[in-house]
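Quick notes on the structure that follows.
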Amino acid sequence: MPVNPDKSSQAKSMTALLDNIYPIIKGTLEQNPKNITVLKSAVAEYLDANMSKLSSAGPTYRTLFTDNDKRILYVNTGTTPELVDKVIPLSAYIKGTWRNIILPFNIICALTITYAKRTNNKELAQYMLMYLTLSMYPSLHAKYFKYGVNPQIMDYTINNLNNKYKIKQMGTIWNTLLDTAMVCDNTYTRNIIRATDKDITDYVESLKTRLNALLKKIYGEFKKNYTDKNIMNIEQDNEDQDNYSRAESNSYIIERLANSIALKVSISGPDMKLIDAAAKVNTIAVNDLRSTVANIIADKQNAREIKIIITAILTLYLTDPNNAAIDVHTNKFILVCLRIYKKSNTSDRNIIQIKKILDTWLQRYSERYKQSNRVATLNSFRKALYTYFIFTIQANAPR
């Protein structure tokens, strides 16, 4: 049971947060399991509302994290900022000048992650890590991009980074933020489970430090390009300017759609209805495709390849002048993409790339695929996985 933080005689402790706040969070979530659903829904809704900003290639747009966003966490964990303010002085470790750790939201979020990991609720832990990351991003963005961002300069910056930069590998700013957060979480898992005041401090500080370093590096490159007036050039002399303009327009549309859809997949996970449909169309076992897709999406190292697959499919579709982005959400998109897949002896690099990634995934994540020697079965598995991504793009394209 937590001690009464109002008692001035209470001796200082190295586990003040765990002793006084954690039991309240644990009790609230166990007595009201629906609160966990509400918390996860709140994170998903926040991401959905900010998807257009977070799916950009770089930190082009600043998000907002409001008091209402924080209040959702307090209400559903049975805590208040005032409770944290009363407990902080009871800690023998935390100093009142430590700005990151004395923020009530950071402490409550971290302790909720403690609860999730202690109860092996991996999904809740992931959502709370995302929420903590999302709460830190706006202030860090404002720190480095105080006066906003010129999109063309940022596009030029990201486009010209080499592959040692994580953001170049991950495809979107959100994928990059999340990957950075997950590396930190994996490093400090033992700490956050043990949850002494020092452990919680180290967890929060490390996350903020890593996110800060990420944005600082991008800002350094952005500042150079700003000074040198380097921007992404969208004009070019060409004998066929109409064709060039259409290609540039499609390139922008493809990038925006691919970022948005890949982000939705990473947030929401696989859509079981789409998996079932893809399996039935290709006459393979539903459970086999379900486990394969779930494993692919669960492995965050595949985020870049997922975007590559989506981008390649959209490119194949929109390269044909008879197809338009406005039709991606229709059945026409599905039929055209299925016809494209049937092309044999193709030298199109997009089709080659798609099939190469699909084969790699199936070898890595599908036991049934690895066990089969029949060419027809192997082809059906690969086509089913391709079909799932077609269905996913069509289902998530704007209406």
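Letters A, B, ... mark the chains of the structure tokens in the order given; residue numbers begin at 1 per chain; ligand numbers begin at 1, in order shown.
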Exercise. Which parts of stretch 68-250 of chain A does DSSP call helix (DSSP H, G or I) when run on the backbone here, written out as JSON, numbers by chain?
Worked result: {"A": [68, 69, 70, 71, 72, 73, 74, 75, 76, 77, 81, 82, 83, 84, 85, 86, 87, 88, 89, 90, 104, 105, 106, 107, 108, 109, 110, 111, 112, 113, 114, 115, 116, 117, 118, 122, 123, 124, 125, 126, 127, 128, 129, 130, 131, 132, 133, 134, 135, 136, 137, 138, 139, 140, 141, 142, 143, 144, 151, 152, 153, 154, 155, 156, 157, 158, 159, 166, 167, 168, 169, 170, 173, 174, 175, 176, 177, 178, 179, 180, 181, 182, 183, 184, 185, 186, 187, 189, 190, 191, 192, 193, 194, 197, 198, 199, 200, 201, 202, 203, 204, 205, 206, 207, 208, 209, 210, 211, 212, 213, 214, 215, 216, 217, 218, 219, 220, 221, 222, 223, 224, 225, 226, 227, 241, 242, 243, 244, 245, 246, 247, 248, 249, 250]}
Problem set entry | A:Lys355 environment, 8 Å, only C-alpha atoms, sequence neighbours closer than 4 positions dropped, as a list in words |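 So the residues in contact are Ile351, Asp359 and Arg382 of chain A.
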Exercise. When distances are computed from only C-alpha atoms, which of A:Thr157, A:Thr180, A:Thr315, A:Thr201 shows the smallest separation from A:Thr227?
Worked result: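 Closest to A:Thr227 of all the choices is A:Thr157.
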Exercise. Contacts of A:Tyr127 at 9 Å or less, counting only C-alpha atoms, minus same-chain residues fewer than 5 places along, as a PyMOL selection string?
Worked result: chain A and resi 39-40+43-44+113+122+132
Residues from last step as file, N, CA and C atoms, as a PDB file, in the first residue's frame:
```pdb
ATOM      1  N   LEU A  39      -6.778   3.666 -23.006  1.00  0.00           N
ATOM      2  CA  LEU A  39      -5.432   4.211 -23.184  1.00  0.00           C
ATOM      3  C   LEU A  39      -4.881   3.875 -24.567  1.00  0.00           C
ATOM      4  N   LYS A  40      -5.036   2.627 -24.980  1.00  0.00           N
ATOM      5  CA  LYS A  40      -4.536   2.225 -26.293  1.00  0.00           C
ATOM      6  C   LYS A  40      -5.283   2.955 -27.409  1.00  0.00           C
ATOM      7  N   VAL A  43      -4.002   6.561 -27.805  1.00  0.00           N
ATOM      8  CA  VAL A  43      -2.738   6.650 -28.548  1.00  0.00           C
ATOM      9  C   VAL A  43      -3.000   6.476 -30.039  1.00  0.00           C
ATOM     10  N   ALA A  44      -3.809   5.485 -30.387  1.00  0.00           N
ATOM     11  CA  ALA A  44      -4.129   5.237 -31.797  1.00  0.00           C
ATOM     12  C   ALA A  44      -4.831   6.435 -32.423  1.00  0.00           C
ATOM     13  N   ILE A 113       4.296   1.781 -18.007  1.00  0.00           N
ATOM     14  CA  ILE A 113       5.134   0.829 -18.751  1.00  0.00           C
ATOM     15  C   ILE A 113       5.658  -0.244 -17.800  1.00  0.00           C
ATOM     16  N   LYS A 122       2.536  -6.790 -23.514  1.00  0.00           N
ATOM     17  CA  LYS A 122       3.456  -6.176 -24.474  1.00  0.00           C
ATOM     18  C   LYS A 122       2.789  -5.067 -25.282  1.00  0.00           C
ATOM     19  N   LEU A 132       4.677   8.240 -24.641  1.00  0.00           N
ATOM     20  CA  LEU A 132       5.758   8.997 -24.021  1.00  0.00           C
ATOM     21  C   LEU A 132       6.622   9.665 -25.096  1.00  0.00           C
TER      22      LEU A 132
END
```
Exercise. What's the 10 Å shell around A:Tyr137, counting only C-alpha atoms, without same-chain residues fewer than 5 positions away, as a ChimeraX atom specification?
Worked result: /A:59,62-65,132,142-143,174,177,208,211-212,215
For this session: Quick one: everything within 9 Å of A:Lys264, counting only C-alpha atoms, minus sequence neighbours fewer than 3 positions away in the same chain. Send it as a ChimeraX atom specification.
Result: /A:47-48,51,259-261,267-269,396
Emit the selected residues as a compact mmCIF listing (two decimals), in the first residue's frame, including N, CA and C atoms.
```
# COMPACT_ATOMS: atom_id res chain seq x y z
N LEU A 47 -2.32 9.27 -33.00
CA LEU A 47 -1.50 8.99 -34.17
C LEU A 47 -2.29 9.19 -35.45
N ASP A 48 -3.53 8.76 -35.46
CA ASP A 48 -4.36 8.91 -36.65
C ASP A 48 -4.58 10.39 -36.96
N MET A 51 -1.26 11.78 -38.38
CA MET A 51 -0.58 10.90 -39.32
C MET A 51 0.06 11.66 -40.48
N ASN A 259 3.95 6.61 -47.30
CA ASN A 259 4.24 6.97 -45.92
C ASN A 259 3.02 6.78 -45.03
N SER A 260 1.88 7.27 -45.50
CA SER A 260 0.65 7.22 -44.71
C SER A 260 0.21 5.78 -44.47
N ILE A 261 0.22 4.96 -45.52
CA ILE A 261 -0.25 3.58 -45.40
C ILE A 261 0.72 2.74 -44.57
N ILE A 267 1.12 1.03 -36.94
CA ILE A 267 0.35 1.39 -35.74
C ILE A 267 -0.72 0.35 -35.44
N SER A 268 -1.51 0.02 -36.45
CA SER A 268 -2.70 -0.81 -36.25
C SER A 268 -2.42 -2.30 -36.35
N GLY A 269 -1.29 -2.66 -36.94
CA GLY A 269 -0.99 -4.07 -37.13
C GLY A 269 -1.76 -4.65 -38.29
N ASN A 396 -6.74 1.36 -47.20
CA ASN A 396 -6.27 2.53 -46.44
C ASN A 396 -6.06 3.77 -47.29
```
Problem set entry | Top pick for closest residue to A:Phe333, considering A:Trp361, A:Tyr115, A:Lys383, A:Gln394 and counting only C-alpha atoms |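 Nearest to A:Phe333: A:Gln394.
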For this session: Please provide as a count of residues only all residues within 7 Å of A:Leu318, with the sequence filter that same-chain residues fewer than 6 positions apart are discarded (counting only C-alpha atoms).
Result: 3
Seminar exercise, completed: From the list A:Ser91, A:Asn191, A:Thr319, A:Asn163, the nearest residue to A:Ser13 using only C-alpha atoms is A:Ser91
For this session: Excluding A:Leu362 and any residue of its chain fewer than 3 positions from it, enumerate the residues within 8 Å of it, using only C-alpha atoms, and give them as a PyMOL selection string.
Result: chain A and resi 292+358-359+365-366+369-370+381-382
Quick one: write out the picked residues with N, CA and C atoms as a PDB file, in the first residue's frame?
```
ATOM      1  N   THR A 292       2.264 -15.526 -40.716  1.00  0.00           N
ATOM      2  CA  THR A 292       3.357 -14.934 -41.504  1.00  0.00           C
ATOM      3  C   THR A 292       3.283 -13.421 -41.492  1.00  0.00           C
ATOM      4  N   LEU A 358       9.380 -10.383 -50.871  1.00  0.00           N
ATOM      5  CA  LEU A 358       8.382 -11.371 -50.459  1.00  0.00           C
ATOM      6  C   LEU A 358       9.035 -12.728 -50.201  1.00  0.00           C
ATOM      7  N   ASP A 359       9.935 -13.138 -51.077  1.00  0.00           N
ATOM      8  CA  ASP A 359      10.617 -14.420 -50.898  1.00  0.00           C
ATOM      9  C   ASP A 359      11.469 -14.427 -49.621  1.00  0.00           C
ATOM     10  N   TYR A 365       9.810 -16.045 -42.171  1.00  0.00           N
ATOM     11  CA  TYR A 365       8.681 -16.016 -41.233  1.00  0.00           C
ATOM     12  C   TYR A 365       7.619 -17.106 -41.463  1.00  0.00           C
ATOM     13  N   SER A 366       7.670 -17.832 -42.566  1.00  0.00           N
ATOM     14  CA  SER A 366       6.633 -18.827 -42.840  1.00  0.00           C
ATOM     15  C   SER A 366       7.184 -20.241 -42.755  1.00  0.00           C
ATOM     16  N   TYR A 369       5.883 -22.395 -45.750  1.00  0.00           N
ATOM     17  CA  TYR A 369       6.574 -22.068 -46.992  1.00  0.00           C
ATOM     18  C   TYR A 369       7.939 -22.765 -47.030  1.00  0.00           C
ATOM     19  N   LYS A 370       8.653 -22.725 -45.914  1.00  0.00           N
ATOM     20  CA  LYS A 370       9.988 -23.329 -45.861  1.00  0.00           C
ATOM     21  C   LYS A 370       9.925 -24.854 -45.998  1.00  0.00           C
ATOM     22  N   PHE A 381       1.815 -18.950 -52.011  1.00  0.00           N
ATOM     23  CA  PHE A 381       2.154 -18.228 -50.784  1.00  0.00           C
ATOM     24  C   PHE A 381       2.635 -16.811 -51.105  1.00  0.00           C
ATOM     25  N   ARG A 382       3.529 -16.712 -52.087  1.00  0.00           N
ATOM     26  CA  ARG A 382       4.072 -15.407 -52.437  1.00  0.00           C
ATOM     27  C   ARG A 382       2.986 -14.486 -52.988  1.00  0.00           C
TER      28      ARG A 382
END
```
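For the residues A:Leu29, A:Arg368, A:Leu140, A:Val87, ranking by smallest atom-to-atom distance to A:Lys12 using only C-alpha atoms places A:Val87 first.
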For this session: May I ask which of the residues A:Gly27, A:Pro151, A:Pro321, A:Gly171 is the closest one to A:Leu263, counting only C-alpha atoms?
Result: A:Gly171
For this session: Work out how far apart atom CA of A:Thr377 and atom CA of A:Thr283 are and give it in Å to one decimal.
Result: 9.5 Å
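Atom pair atom CA of A:Thr97 / atom CA of A:Ser135 has a distance of 19.9 Å (rounded to one decimal).
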